[in-house]
Each structure stands twice: as C-alpha cells, then as structure tokens.
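Coordinates as given in structure-v4.csv (CSV, C-alpha atoms):
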```csv
chain,number,residue,atom,x,y,z
A,30,MET,CA,-75.9,37.2,14.6
A,31,GLU,CA,-79.3,38.1,13.1
A,32,ASN,CA,-81.0,36.5,16.1
A,33,PHE,CA,-79.3,38.8,18.6
A,34,SER,CA,-82.4,40.1,20.4
A,35,LEU,CA,-82.8,42.7,23.1
A,36,ILE,CA,-83.0,40.2,25.9
A,37,LEU,CA,-79.8,38.5,24.7
A,38,ALA,CA,-78.1,41.8,24.7
A,39,ILE,CA,-79.2,42.4,28.3
A,40,VAL,CA,-77.9,39.0,29.3
A,41,VAL,CA,-74.5,39.7,27.7
A,42,VAL,CA,-74.2,43.0,29.5
A,43,THR,CA,-75.3,41.4,32.8
A,44,ALA,CA,-72.8,38.6,32.4
A,45,LEU,CA,-70.0,41.1,31.9
A,46,ALA,CA,-71.2,43.0,35.0
A,47,PHE,CA,-70.9,39.7,36.9
A,48,ASP,CA,-67.4,39.3,35.4
A,49,PHE,CA,-66.5,42.8,36.7
A,50,THR,CA,-67.7,41.9,40.2
A,51,ASN,CA,-65.7,38.6,39.9
A,52,GLY,CA,-62.6,40.6,39.2
A,53,PHE,CA,-62.8,42.9,42.2
A,54,HIS,CA,-64.2,40.2,44.4
A,55,ASP,CA,-61.3,37.8,43.7
A,56,THR,CA,-58.4,40.3,43.4
A,57,ALA,CA,-57.4,39.1,46.9
A,58,ASN,CA,-56.8,35.6,45.6
A,59,ALA,CA,-53.8,36.8,43.7
A,60,MET,CA,-52.5,39.8,45.5
A,61,ALA,CA,-53.6,39.7,49.2
A,62,THR,CA,-50.4,38.0,50.5
A,63,THR,CA,-48.1,40.1,48.3
A,64,ILE,CA,-49.7,43.3,49.6
A,65,SER,CA,-49.8,42.2,53.2
A,66,THR,CA,-46.1,41.2,53.3
A,67,GLY,CA,-45.1,44.5,51.6
A,68,ALA,CA,-43.6,42.7,48.5
A,69,LEU,CA,-45.6,45.1,46.2
A,70,LYS,CA,-47.4,48.3,46.8
A,71,PRO,CA,-51.2,47.9,46.6
A,72,LYS,CA,-51.9,49.8,43.4
A,73,VAL,CA,-48.9,48.2,41.6
A,74,ALA,CA,-50.1,44.8,42.7
A,75,VAL,CA,-53.7,45.2,41.4
A,76,ALA,CA,-52.4,46.7,38.1
A,77,MET,CA,-50.1,43.7,37.6
A,78,SER,CA,-52.9,41.3,38.5
A,79,ALA,CA,-55.3,42.9,36.0
A,80,ALA,CA,-52.9,42.7,33.1
A,81,LEU,CA,-52.2,39.0,33.8
A,82,ASN,CA,-55.9,38.3,34.2
A,83,LEU,CA,-56.4,39.6,30.7
A,84,VAL,CA,-53.6,37.4,29.3
A,85,GLY,CA,-54.9,34.4,31.1
A,86,ALA,CA,-58.3,34.7,29.5
A,87,PHE,CA,-56.9,33.7,26.2
A,88,LEU,CA,-55.0,30.5,27.3
A,89,SER,CA,-57.9,28.0,27.4
A,90,VAL,CA,-61.6,27.4,26.9
A,91,GLU,CA,-62.0,24.1,28.8
A,92,VAL,CA,-63.7,25.6,31.8
A,93,ALA,CA,-66.0,27.7,29.5
A,94,ASN,CA,-67.0,24.5,27.7
A,95,THR,CA,-67.8,22.9,31.1
A,96,ILE,CA,-70.3,25.6,31.8
A,97,SER,CA,-71.8,26.1,28.4
A,98,LYS,CA,-72.0,22.4,27.4
A,99,GLY,CA,-71.7,20.2,30.5
A,100,LEU,CA,-73.6,21.6,33.5
A,101,VAL,CA,-77.1,22.1,32.2
A,102,ASP,CA,-79.1,21.1,29.2
A,103,GLU,CA,-78.4,24.0,26.8
A,104,THR,CA,-81.2,23.1,24.4
A,105,GLY,CA,-83.9,23.8,27.0
A,106,ILE,CA,-82.6,27.0,28.4
A,107,ARG,CA,-84.0,30.5,27.6
A,108,PRO,CA,-81.9,33.7,27.8
A,109,GLU,CA,-84.2,34.9,30.6
A,110,VAL,CA,-83.1,31.9,32.7
A,111,ILE,CA,-79.4,32.9,32.3
A,112,PHE,CA,-80.3,36.5,33.2
A,113,ALA,CA,-82.0,35.3,36.4
A,114,ALA,CA,-78.9,33.1,37.2
A,115,LEU,CA,-76.6,36.1,36.9
A,116,VAL,CA,-78.8,38.2,39.2
A,117,GLY,CA,-78.3,35.6,42.0
A,118,ALA,CA,-74.6,35.5,41.4
A,119,ILE,CA,-74.0,39.2,41.3
A,120,LEU,CA,-76.0,39.9,44.4
A,121,TRP,CA,-74.2,37.2,46.4
A,122,ASN,CA,-70.8,38.6,45.2
A,123,LEU,CA,-71.8,42.1,46.3
A,124,VAL,CA,-73.1,41.1,49.7
A,125,THR,CA,-70.0,39.0,50.6
A,126,TRP,CA,-67.8,41.8,49.3
A,127,LEU,CA,-69.6,44.3,51.6
A,128,VAL,CA,-68.8,42.2,54.7
A,129,GLY,CA,-65.3,41.3,53.4
A,130,LEU,CA,-65.8,37.6,53.1
A,131,PRO,CA,-63.8,35.7,50.4
A,132,SER,CA,-66.6,33.5,49.1
A,133,SER,CA,-66.6,31.8,45.7
A,134,SER,CA,-67.8,33.8,42.7
A,135,SER,CA,-67.6,30.6,40.7
A,136,HIS,CA,-70.0,28.8,43.1
A,137,ALA,CA,-72.3,31.8,43.1
A,138,LEU,CA,-72.5,31.6,39.3
A,139,MET,CA,-73.1,27.8,39.5
A,140,GLY,CA,-75.7,28.2,42.2
A,141,GLY,CA,-77.6,30.9,40.3
A,142,LEU,CA,-77.6,28.9,37.1
A,143,ILE,CA,-78.7,25.7,38.8
A,144,GLY,CA,-81.5,27.5,40.7
A,145,ALA,CA,-82.8,29.3,37.7
A,146,THR,CA,-82.6,26.1,35.5
A,147,VAL,CA,-84.5,24.0,38.0
A,148,ALA,CA,-87.2,26.7,38.4
A,149,SER,CA,-87.6,26.8,34.6
A,150,ALA,CA,-87.1,23.3,33.4
A,151,GLY,CA,-87.0,21.0,36.5
A,152,THR,CA,-84.2,19.0,38.0
A,153,GLY,CA,-83.8,16.9,34.9
A,154,ALA,CA,-82.2,19.8,33.1
A,155,VAL,CA,-79.2,19.8,35.4
A,156,HIS,CA,-76.5,17.3,34.7
A,157,GLY,CA,-75.8,15.9,38.1
A,158,ASP,CA,-72.7,13.9,37.2
A,159,ALA,CA,-71.0,17.0,35.9
A,160,LEU,CA,-72.1,19.0,38.9
A,161,VAL,CA,-70.5,16.5,41.3
A,162,THR,CA,-67.3,15.6,39.4
A,163,LYS,CA,-66.4,19.0,38.1
A,164,VAL,CA,-67.8,21.4,40.7
A,165,LEU,CA,-68.6,19.9,44.1
A,166,LEU,CA,-65.7,17.4,44.4
A,167,PRO,CA,-63.0,20.0,43.4
A,168,ALA,CA,-64.6,22.5,45.8
A,169,VAL,CA,-63.9,20.1,48.7
A,170,ALA,CA,-60.6,18.6,47.5
A,171,ALA,CA,-58.8,21.7,46.1
A,172,PRO,CA,-58.5,23.8,49.3
A,173,ILE,CA,-57.3,20.8,51.3
A,174,VAL,CA,-54.7,19.8,48.7
A,175,ALA,CA,-53.5,23.4,48.4
A,176,GLY,CA,-53.5,23.9,52.2
A,177,VAL,CA,-51.4,20.8,52.8
A,178,ALA,CA,-49.0,21.7,50.0
A,179,ALA,CA,-48.6,25.2,51.3
A,180,LEU,CA,-48.0,23.9,54.9
A,181,LEU,CA,-45.3,21.6,53.7
A,182,ALA,CA,-43.7,24.2,51.4
A,183,THR,CA,-43.6,26.7,54.2
A,184,ARG,CA,-41.8,24.3,56.6
A,185,LEU,CA,-39.4,23.4,53.8
A,186,SER,CA,-38.7,27.1,53.1
A,187,TYR,CA,-37.9,27.8,56.7
A,188,ARG,CA,-35.7,24.7,57.0
A,189,LEU,CA,-33.7,25.5,53.9
A,190,GLY,CA,-33.4,29.2,54.8
A,191,ARG,CA,-32.3,28.5,58.4
A,192,LYS,CA,-28.7,29.5,57.8
A,193,ALA,CA,-29.2,32.0,55.0
A,194,ASP,CA,-28.4,35.7,55.3
A,195,GLY,CA,-31.6,37.4,56.6
A,196,LYS,CA,-31.7,40.4,54.2
A,197,ALA,CA,-30.7,38.3,51.2
A,198,ALA,CA,-33.3,35.6,52.0
A,199,ALA,CA,-36.0,38.2,52.5
A,200,LYS,CA,-35.2,39.9,49.2
A,201,GLY,CA,-35.2,36.5,47.4
A,202,TYR,CA,-38.5,35.4,48.9
A,203,ARG,CA,-40.1,38.7,48.0
A,204,ALA,CA,-39.0,38.3,44.4
A,205,GLY,CA,-40.4,34.8,44.4
A,206,GLN,CA,-43.6,36.0,45.9
A,207,ILE,CA,-44.1,38.6,43.1
A,208,ALA,CA,-43.5,35.9,40.5
A,209,SER,CA,-45.9,33.5,42.2
A,210,ALA,CA,-48.5,36.2,42.5
A,211,GLY,CA,-48.2,36.8,38.8
A,212,LEU,CA,-48.7,33.1,38.2
A,213,VAL,CA,-51.9,33.1,40.4
A,214,SER,CA,-53.2,36.1,38.5
A,215,LEU,CA,-52.6,34.3,35.2
A,216,ALA,CA,-54.3,31.2,36.6
A,217,HIS,CA,-57.2,33.3,37.8
A,218,GLY,CA,-57.8,34.8,34.4
A,219,THR,CA,-57.6,31.3,32.8
A,220,ASN,CA,-60.1,29.8,35.2
A,221,ASP,CA,-62.5,32.6,36.3
A,222,ALA,CA,-62.8,34.6,33.0
A,223,GLN,CA,-63.8,31.4,31.3
A,224,LYS,CA,-66.9,31.1,33.5
A,225,THR,CA,-68.3,34.3,32.1
A,226,MET,CA,-67.3,33.1,28.6
A,227,GLY,CA,-69.2,29.9,29.2
A,228,ILE,CA,-72.3,31.7,30.5
A,229,ILE,CA,-72.4,34.1,27.5
A,230,THR,CA,-71.9,31.3,25.1
A,231,LEU,CA,-74.7,29.4,26.8
A,232,ALA,CA,-76.9,32.5,26.3
A,233,LEU,CA,-76.0,32.8,22.7
A,234,VAL,CA,-76.9,29.1,22.1
A,235,ALA,CA,-80.2,29.6,24.0
A,236,GLY,CA,-81.0,32.7,21.9
A,237,GLY,CA,-80.1,31.0,18.6
A,238,ALA,CA,-77.2,33.4,17.9
A,239,VAL,CA,-74.6,30.5,17.7
A,240,ALA,CA,-74.9,26.8,17.0
A,241,PRO,CA,-75.1,24.3,19.9
A,242,ASP,CA,-71.7,22.9,21.1
A,243,SER,CA,-69.9,26.0,19.8
A,244,ASP,CA,-66.7,27.3,21.5
A,245,PRO,CA,-66.8,30.9,22.8
A,246,PRO,CA,-66.4,33.4,19.9
A,247,THR,CA,-63.4,35.6,20.0
A,248,TRP,CA,-65.3,38.7,20.9
A,249,VAL,CA,-66.7,36.9,24.0
A,250,ILE,CA,-63.2,35.9,25.1
A,251,LEU,CA,-61.9,39.5,24.7
A,252,SER,CA,-64.8,41.2,26.4
A,253,ALA,CA,-64.8,38.7,29.3
A,254,GLY,CA,-61.0,39.2,29.7
A,255,LEU,CA,-61.4,43.0,29.7
A,256,ALA,CA,-64.2,43.0,32.2
A,257,ILE,CA,-62.4,40.8,34.8
A,258,ALA,CA,-59.2,42.8,34.3
A,259,LEU,CA,-61.0,46.1,34.9
A,260,GLY,CA,-62.7,44.7,38.1
A,261,THR,CA,-59.3,43.4,39.3
A,262,TYR,CA,-57.7,46.8,38.8
A,263,LEU,CA,-60.2,48.6,40.9
A,264,GLY,CA,-59.3,46.2,43.7
A,265,GLY,CA,-61.6,44.4,46.2
A,266,TRP,CA,-59.8,46.0,49.1
A,267,ARG,CA,-62.2,44.7,51.8
A,268,ILE,CA,-61.5,41.1,50.8
A,269,ILE,CA,-57.8,41.8,50.3
A,270,ARG,CA,-57.7,42.9,54.0
A,271,THR,CA,-59.4,39.7,55.2
A,272,MET,CA,-57.3,37.4,53.1
A,273,GLY,CA,-54.0,39.2,53.8
A,274,LYS,CA,-54.3,40.3,57.4
A,275,GLY,CA,-57.6,39.0,58.9
A,276,LEU,CA,-57.0,35.3,58.3
A,277,THR,CA,-53.4,35.0,59.5
A,278,GLU,CA,-50.1,37.0,59.6
A,279,LEU,CA,-47.8,36.0,56.8
A,280,GLN,CA,-44.1,36.5,56.3
A,281,PRO,CA,-42.6,36.4,52.8
A,282,GLN,CA,-41.6,32.7,53.0
A,283,GLN,CA,-45.2,31.9,53.8
A,284,GLY,CA,-46.6,34.1,51.1
A,285,PHE,CA,-44.4,32.5,48.5
A,286,ALA,CA,-45.4,29.0,49.5
A,287,ALA,CA,-49.1,29.9,49.6
A,288,GLN,CA,-49.2,31.5,46.2
A,289,THR,CA,-47.1,28.8,44.5
A,290,SER,CA,-49.3,26.0,45.8
A,291,ALA,CA,-52.5,27.8,44.8
A,292,ALA,CA,-51.3,28.6,41.3
A,293,THR,CA,-50.3,25.0,40.7
A,294,ALA,CA,-53.7,23.7,41.8
A,295,ILE,CA,-55.6,26.3,39.8
A,296,LEU,CA,-53.7,25.8,36.5
A,297,ALA,CA,-53.9,22.0,36.8
A,298,SER,CA,-57.7,22.2,37.4
A,299,SER,CA,-58.2,24.6,34.4
A,300,HIS,CA,-56.3,22.2,32.1
A,301,LEU,CA,-58.7,19.4,33.2
A,302,GLY,CA,-61.8,21.6,32.8
A,303,PHE,CA,-62.7,21.8,36.5
A,304,SER,CA,-64.8,24.8,37.4
A,305,LEU,CA,-62.6,25.5,40.4
A,306,SER,CA,-63.1,28.1,43.0
A,307,THR,CA,-59.9,30.1,43.1
A,308,THR,CA,-61.1,31.6,46.4
A,309,HIS,CA,-61.3,28.2,48.1
A,310,VAL,CA,-57.8,27.3,46.8
A,311,VAL,CA,-56.1,30.5,47.8
A,312,SER,CA,-57.8,30.5,51.2
A,313,GLY,CA,-56.8,26.9,51.9
A,314,SER,CA,-53.2,27.7,50.9
A,315,VAL,CA,-53.1,30.8,53.1
A,316,MET,CA,-54.3,28.8,56.1
A,317,GLY,CA,-51.8,26.1,55.3
A,318,ALA,CA,-49.0,28.6,55.2
A,319,GLY,CA,-50.1,30.2,58.4
A,320,LEU,CA,-50.0,26.8,60.2
A,321,GLY,CA,-46.7,25.9,58.6
A,322,ARG,CA,-44.6,28.4,60.5
A,323,LYS,CA,-43.7,27.8,64.1
A,324,GLY,CA,-45.6,30.4,66.1
A,325,GLY,CA,-47.9,31.1,63.2
A,326,VAL,CA,-51.7,30.7,63.8
A,327,VAL,CA,-54.9,31.1,61.9
A,328,ARG,CA,-57.7,33.4,63.2
A,329,TRP,CA,-60.3,30.7,63.4
A,330,SER,CA,-63.2,33.2,64.0
A,331,THR,CA,-62.6,34.7,60.6
A,332,ALA,CA,-62.1,31.2,59.1
A,333,THR,CA,-65.4,30.0,60.6
A,334,ARG,CA,-67.3,32.9,59.0
A,335,MET,CA,-65.6,32.2,55.7
A,336,PHE,CA,-66.5,28.5,55.8
A,337,ALA,CA,-70.1,29.4,56.6
A,338,ALA,CA,-70.1,31.7,53.5
A,339,TRP,CA,-68.7,28.8,51.4
A,340,GLY,CA,-71.5,26.5,52.5
A,341,LEU,CA,-74.2,29.1,51.8
A,342,THR,CA,-73.0,30.3,48.4
A,343,LEU,CA,-74.5,27.6,46.2
A,344,PRO,CA,-77.9,27.4,47.9
A,345,ALA,CA,-78.2,31.2,48.5
A,346,ALA,CA,-77.4,32.1,44.9
A,347,ALA,CA,-79.7,29.2,43.7
A,348,LEU,CA,-82.6,30.6,45.7
A,349,VAL,CA,-82.2,34.1,44.4
A,350,GLY,CA,-81.8,32.7,40.8
A,351,ALA,CA,-84.9,30.6,41.1
A,352,LEU,CA,-87.0,33.5,42.5
A,353,ALA,CA,-85.7,35.8,39.8
A,354,GLU,CA,-86.5,33.3,37.1
A,355,SER,CA,-90.1,33.0,38.5
A,356,VAL,CA,-90.5,36.7,38.0
A,357,THR,CA,-89.0,36.8,34.5
A,358,ASP,CA,-91.3,34.0,33.5
A,359,LEU,CA,-94.2,36.4,33.8
A,360,GLY,CA,-93.1,38.2,30.7
A,361,ASP,CA,-91.1,41.3,29.6
A,362,TRP,CA,-92.4,43.4,32.5
A,363,GLY,CA,-91.2,40.7,34.9
A,364,THR,CA,-87.7,40.8,33.4
A,365,ALA,CA,-87.8,44.6,33.7
A,366,VAL,CA,-88.8,44.3,37.4
A,367,VAL,CA,-85.8,41.9,38.1
A,368,ALA,CA,-83.4,44.3,36.3
A,369,VAL,CA,-84.6,47.3,38.3
A,370,PHE,CA,-84.3,45.2,41.5
A,371,LEU,CA,-80.7,44.2,40.6
A,372,ILE,CA,-79.7,47.8,39.9
A,373,ALA,CA,-81.4,49.2,43.1
A,374,SER,CA,-79.9,46.5,45.3
A,375,SER,CA,-76.4,47.0,43.8
A,376,ALA,CA,-76.7,50.7,44.4
A,377,ALA,CA,-77.8,50.2,48.0
A,378,ILE,CA,-74.9,47.9,48.7
A,379,TRP,CA,-72.4,50.3,47.3
A,380,LYS,CA,-73.9,53.1,49.4
A,381,LEU,CA,-73.6,51.0,52.5
A,382,SER,CA,-69.9,50.3,51.7
A,383,ARG,CA,-69.2,54.1,51.8
A,384,ARG,CA,-69.9,54.2,55.5
A,385,GLU,CA,-66.5,52.5,56.1
A,386,VAL,CA,-64.2,53.0,53.2
A,387,VAL,CA,-61.4,50.4,52.7
A,388,ASP,CA,-58.9,51.2,50.0
A,389,HIS,CA,-55.2,51.0,49.2
A,390,SER,CA,-54.3,53.4,52.0
A,391,ASN,CA,-55.7,51.3,54.9
A,392,VAL,CA,-55.9,47.8,53.4
A,393,ASN,CA,-53.1,46.5,55.7
A,394,GLU,CA,-54.8,47.5,58.9
A,395,THR,CA,-56.1,44.5,60.7
A,396,GLU,CA,-59.7,44.9,61.7
A,397,GLU,CA,-60.0,41.9,63.9
A,398,PRO,CA,-58.0,41.1,67.1
A,399,ALA,CA,-56.2,37.8,67.3
A,400,GLY,CA,-58.7,36.3,69.8
A,401,VAL,CA,-58.1,34.3,73.0
A,402,VAL,CA,-57.2,31.0,71.4
A,403,THR,CA,-54.8,32.6,68.8
A,404,THR,CA,-53.1,34.7,71.5
A,405,ALA,CA,-52.7,31.6,73.8
A,406,ILE,CA,-51.2,29.5,71.0
A,407,ALA,CA,-48.8,32.2,69.9
A,408,ALA,CA,-47.7,32.7,73.6
A,409,VAL,CA,-46.6,29.1,74.1
A,410,THR,CA,-45.2,28.4,70.6
A,411,PRO,CA,-41.5,29.1,70.0
A,412,PRO,CA,-40.6,31.5,67.1
A,413,PRO,CA,-39.3,30.0,63.8
A,414,ALA,CA,-35.7,29.0,63.7
A,415,GLY,CA,-33.3,31.2,61.8
A,416,PRO,CA,-33.1,34.9,61.2
A,417,VAL,CA,-36.1,37.0,61.5
A,418,THR,CA,-36.9,38.6,58.1
A,419,ASP,CA,-40.1,40.5,58.5
A,420,GLY,CA,-38.5,43.5,60.2
A,421,LEU,CA,-40.2,43.0,63.5
A,422,THR,CA,-38.3,43.1,66.8
A,423,ALA,CA,-39.3,42.1,70.3
A,424,THR,CA,-38.5,44.3,73.3
A,425,ILE,CA,-38.1,42.6,76.7
A,426,PRO,CA,-38.8,45.1,79.5
A,427,ALA,CA,-36.2,45.2,82.2
A,428,PRO,CA,-37.4,44.0,85.7
A,429,THR,CA,-38.5,46.7,88.0
A,430,THR,CA,-37.8,46.9,91.7
A,431,SER,CA,-39.7,48.7,94.4
A,432,ALA,CA,-38.0,51.5,96.4
A,433,ALA,CA,-38.9,49.7,99.6
A,434,ASP,CA,-37.2,46.5,98.5
A,435,PRO,CA,-34.2,46.0,100.9
A,436,ALA,CA,-32.4,43.9,98.2
A,437,ALA,CA,-32.4,46.8,95.7
A,438,PRO,CA,-29.2,48.9,95.8
A,439,SER,CA,-29.6,52.6,96.6
A,440,ALA,CA,-28.7,55.0,93.8
A,441,ALA,CA,-27.3,57.3,96.5
A,442,ALA,CA,-25.2,54.7,98.3
A,443,PRO,CA,-21.5,55.4,98.2
A,444,ALA,CA,-19.2,53.1,96.4
A,445,LEU,CA,-17.2,50.7,98.6
```
Structure translated into structure tokens:
Amino acid sequence: MENFSLILAIVVVTALAFDFTNGFHDTANAMATTISTGALKPKVAVAMSAALNLVGAFLSVEVANTISKGLVDETGIRPEVIFAALVGAILWNLVTWLVGLPSSSSHALMGGLIGATVASAGTGAVHGDALVTKVLLPAVAAPIVAGVAALLATRLSYRLGRKADGKAAAKGYRAGQIASAGLVSLAHGTNDAQKTMGIITLALVAGGAVAPDSDPPTWVILSAGLAIALGTYLGGWRIIRTMGKGLTELQPQQGFAAQTSAATAILASSHLGFSLSTTHVVSGSVMGAGLGRKGGVVRWSTATRMFAAWGLTLPAAALVGALAESVTDLGDWGTAVVAVFLIASSAAIWKLSRREVVDHSNVNETEEPAGVVTTAIAAVTPPPAGPVTDGLTATIPAPTTSAADPAAPSAAAPAL
C-alpha cells in the first residue's frame, strides 16, 4: 500500500460517495412495494433493507470482477480517469433522484467509466464484447423476463387465493412480501455494492496499490457494504413514491409476486457475473404485477419518462465522464476544478430538493393522477375475482329523483 497516493485516496472517497448515492437512489428497488401496500412502516422497511444490503455485499465478487477486469483495459487506466467516471455517475444519480425517476445507478457508473476511458485512451480500451454480453443484453432482457414472471405470478396468486379467507390471505401475502423484500435487499447488496468494489479495485490497480487481476481486498468489500447500507437507510423517498405509487397501484398479492420475481432475476444474474440494473428488473416486475391483476393498470405517462431516463443514462453519464476526464487531464488543478464542480453541483441539487420535501411521512401520497387512458381502462375492466384484501370499499350512490317527477312517491302521502 506504499503507492497509495493522494489522487487514489480521492478516487476511493468519491467511489464510496457514489455507493452512498446508489444506496438511497435504489432503496425503492427493495422496499417501494412493501411500503406502498402497508406491509412495513417506511422507517422499518429502510432499516431492514440497509442491514441486508450490508450482508449481501459479502456474498460474491463476480460482478466486481466484471467491472475491474472485464469492461475496460485496466492496464491503461489512470486513477484520474476513474475519478472522472464517478463524477458522471454521481451527478446522474442525483439529477434523477431529484425528479423522482428510478434510473439505473449501474448504467450511470458504466456510462461514466466508458466515457472517461474513451476520452483518455480511445475506444480500443473498452472491451466491447463484455459491454454487450454482460451489460447491454441483460439491460434489455432482465426487465422483460422479470415483468412476464411477475405478471404470471400475480395471476396465479389471485387464482389460488380465490376461495381463501380474505383476512388470512392478506396477512399471508404481507408476510410473504416482507420476506421477498428482504430477498431483494440481499440481492441488491450482492449486485450493486460489488460495482463500487470493482471500481475501487480498478483504481487500486491503476494506481499500483494492488496487483493486476486482484480480487477486491477485504477493506474494500466492508467499506462498500457500509456505504450502500447507510445510503439505503436514509431512504430515497422520492423514488420510493414513484415506484410504489406513481407507476401503478399494488395490492399485497402483486407486491409479493413482483418482489419474488425481481429477487430471483437479480440473484441469478449476480451468480453469472452480469452487471445487472436492479432498477430495471424491479421496475419491470412492478409493471408486470400491475398488469397481472384484473382492473390493474400502469401509469404509462410515468413509465414513458422512466424509459426515457433509462435510454439517456449511459450516454449522459458517458458525456459528463468524458468532459470531466478532459479537464482532469490538464493536471492537478484540473482535478481540483472537477472536484469543486462535483461538490457545488451536489449541494445545488440538494438545495433544490428542499423546495418540496418527500420523506417517510408523505411517501405514500400519489403525486400524479391516473390519466385519461388509465381511468378509462379501469372503468371498463372488472375487478379481480375473490375477496378484496386491500381494505378498500366502493360506495354506490342511491338514485335520486326530482320532486317534480310524477312517478316519485310523496313523503307526505297517506298509506293506503
């Protein structure tokens, strides 16, 4: 560790800052449906998710190795390049958090790293085959697979619970939802914390602090797990609101189906070393669960904005990362300028977020109306078969009659 320079220390601190933003940006992936259906209180949910994120960070290093060894040529990368990549990723995370859009922290990191690497060493330093097979293809396939699985699981849940006692079924699904939310949190720690481990390990290799092809040191695993857990505990309430209430209305059966499908997809991808976006997977499963219930609909206006953010994540973070690398390439003063810009931009975004505070007390308030299409679909679609378990009741107003209507009986008429 004698080669641990000042710039390397700055990169490590910045990487942990990114990991922190990843935690509060992606809390919604694990706990939005659990909070929106009332299975857990908001603060209890984020505390549980934070603890399991920390545990999950120690389960595997396959995704970390994909980033540190497989995505870019680690021998031609300077620590300043990784710093520039992290700047692009952090700023994109903060901007999308401010507007409440569940975009991918993973793709923000990949985009920043690719943009900074290309600006520094050219396109040849990026391993295109790894980018396609372990990043881009999973980004497209995973939300579709999770969405279809959640849709089918939701329909199966309603079919099997058609004759079940309403209160007992609701209690069982809520318990299952808590368990599946814990599994998603564990999977999130296993997949997303590793991305920061990988980026720190790549920086250590670039700075000569560890040998090439090394696995993440234990202190890197621990610090990355703690950073993402702390970010998760603070709770990304804006994105939790969008995922839990702004995208669709979920009942406990749907929440259980969505989270179980998402956790299965994330854990399988982590085992294979795919740098999967947990945001994409959970969003796909939530939409699938919303469509799986009769009468359930997706707010496509919110979904469209979310899809647009997904498409912009890689190129936007890559552009910022490339620009930041161009400035850091000017010398130490350039690196200092980029650091000041990052801190000032982060502070400005936080100040803007204080204009409309979203926290545990108002996270379940739906900001966005259902919209014309959603309302029309809900009006003509029959409700789900079986007992209603979400505690909602419908009141049908009695028909009214005019006093001038000759067919209406008079209240004062004598009985015959």
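Of note, atom CA of Gly313 of chain A and atom CA of Gly176 of chain A are spaced 4.5 Å apart.
Closest approach to Gly141 of chain A among A:Ser298, A:Ser382, A:Ser214, A:Asn122: A:Asn122, based on only C-alpha atoms.
With only C-alpha atoms as the atoms that count, the residue of A:Met60, A:Gln206, A:Pro344, A:Pro108 with the shortest distance to Gly237 of chain A is A:Pro108.
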Residues near His309 of chain A, cut-off 12 Å, only C-alpha atoms, skip fewer than 4 positions along chain, as a compact mmCIF listing (two decimals) with C-alpha atoms, keeping the file's coordinate frame:
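Dumped to around32.txt:
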```
# COMPACT_ATOMS: atom_id res chain seq x y z
CA ASP A 55 -61.30 37.80 43.70
CA ALA A 57 -57.40 39.10 46.90
CA ASN A 58 -56.80 35.60 45.60
CA LEU A 130 -65.80 37.60 53.10
CA PRO A 131 -63.80 35.70 50.40
CA SER A 132 -66.60 33.50 49.10
CA SER A 133 -66.60 31.80 45.70
CA SER A 134 -67.80 33.80 42.70
CA SER A 135 -67.60 30.60 40.70
CA HIS A 136 -70.00 28.80 43.10
CA VAL A 164 -67.80 21.40 40.70
CA LEU A 165 -68.60 19.90 44.10
CA PRO A 167 -63.00 20.00 43.40
CA ALA A 168 -64.60 22.50 45.80
CA VAL A 169 -63.90 20.10 48.70
CA ALA A 170 -60.60 18.60 47.50
CA ALA A 171 -58.80 21.70 46.10
CA PRO A 172 -58.50 23.80 49.30
CA ILE A 173 -57.30 20.80 51.30
CA VAL A 174 -54.70 19.80 48.70
CA ALA A 175 -53.50 23.40 48.40
CA GLY A 176 -53.50 23.90 52.20
CA MET A 272 -57.30 37.40 53.10
CA ALA A 291 -52.50 27.80 44.80
CA ALA A 294 -53.70 23.70 41.80
CA ILE A 295 -55.60 26.30 39.80
CA SER A 304 -64.80 24.80 37.40
CA LEU A 305 -62.60 25.50 40.40
CA GLY A 313 -56.80 26.90 51.90
CA SER A 314 -53.20 27.70 50.90
CA VAL A 315 -53.10 30.80 53.10
CA MET A 316 -54.30 28.80 56.10
CA ALA A 332 -62.10 31.20 59.10
CA MET A 335 -65.60 32.20 55.70
CA PHE A 336 -66.50 28.50 55.80
CA ALA A 338 -70.10 31.70 53.50
CA TRP A 339 -68.70 28.80 51.40
CA GLY A 340 -71.50 26.50 52.50
CA THR A 342 -73.00 30.30 48.40
```
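For the pair atom CA of Ala235 of chain A and atom CA of Ile106 of chain A, the separation is 5.6 Å.
Nearest-residue note for Leu69 of chain A: choosing from A:Ala222, A:Ala292, A:Ala238, A:Ala208, the minimum distance belongs to A:Ala208, counting only C-alpha atoms.
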> Which neighbours of Phe53 of chain A fall inside 8 Å, counting only C-alpha atoms, when residues of the same chain fewer than 5 positions from it are skipped, and could you give them as a ChimeraX atom specification?
Replying inline: /A:257,260-265
> Got a sec: who's within 12 Å of Pro245 of chain A, counting all atoms listed in the file, leaving out chain neighbours fewer than 5 positions off, as a PyMOL selection string?
Replying inline: chain A and resi 86-87+89-98+222-234+238-240+250-253
>> Restricting the calculation to all atoms listed in the file: of A:Gly153, A:Gly321, A:Gly236, A:Gly211, which residue gets closest to Ser34 of chain A?
In response: A:Gly236
> Between A:His156, A:Arg188, A:Arg328, A:His54, which has the minimum distance to Ile269 of chain A (counting only C-alpha atoms)?
Replying inline: A:His54
> Can you tell me how far atom CA of Ile268 of chain A sits from atom CA of Val42 of chain A, in Å to one decimal?
Replying inline: 24.9 Å
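Using only C-alpha atoms, the shortest contact distance between Leu381 of chain A and any of A:Leu123, A:Ala44, A:Thr63, A:Ala38 is found at A:Leu123.
The residue set within 9 Å of Gly144 of chain A, counting only C-alpha atoms and dropping same-chain residues fewer than 5 places from it, reads Ala113, Ala114, Gly117, Met139, Ser149, Leu343, Pro344, Ala346, Ala347, Leu348, Val349, Gly350, Ala351, Leu352 and Glu354 of chain A.
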> Do you know which residues are at most 6 Å from segment 70-77 of chain A counting only C-alpha atoms, after dropping those on the same chain fewer than 2 positions away, and could you put them as a ChimeraX atom specification?
Replying inline: /A:64,79-80,262,389
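Point (-47.6, 21.7, 51.8) has the following residues at most 10 Å away: Ile173, Val174, Ala175, Gly176, Val177, Ala178, Ala179, Leu180, Leu181, Ala182, Thr183, Arg184, Leu185, Ala286, Ala287, Ser290, Ser314, Gly317, Ala318 and Gly321 of chain A (atoms considered: all atoms listed in the file).
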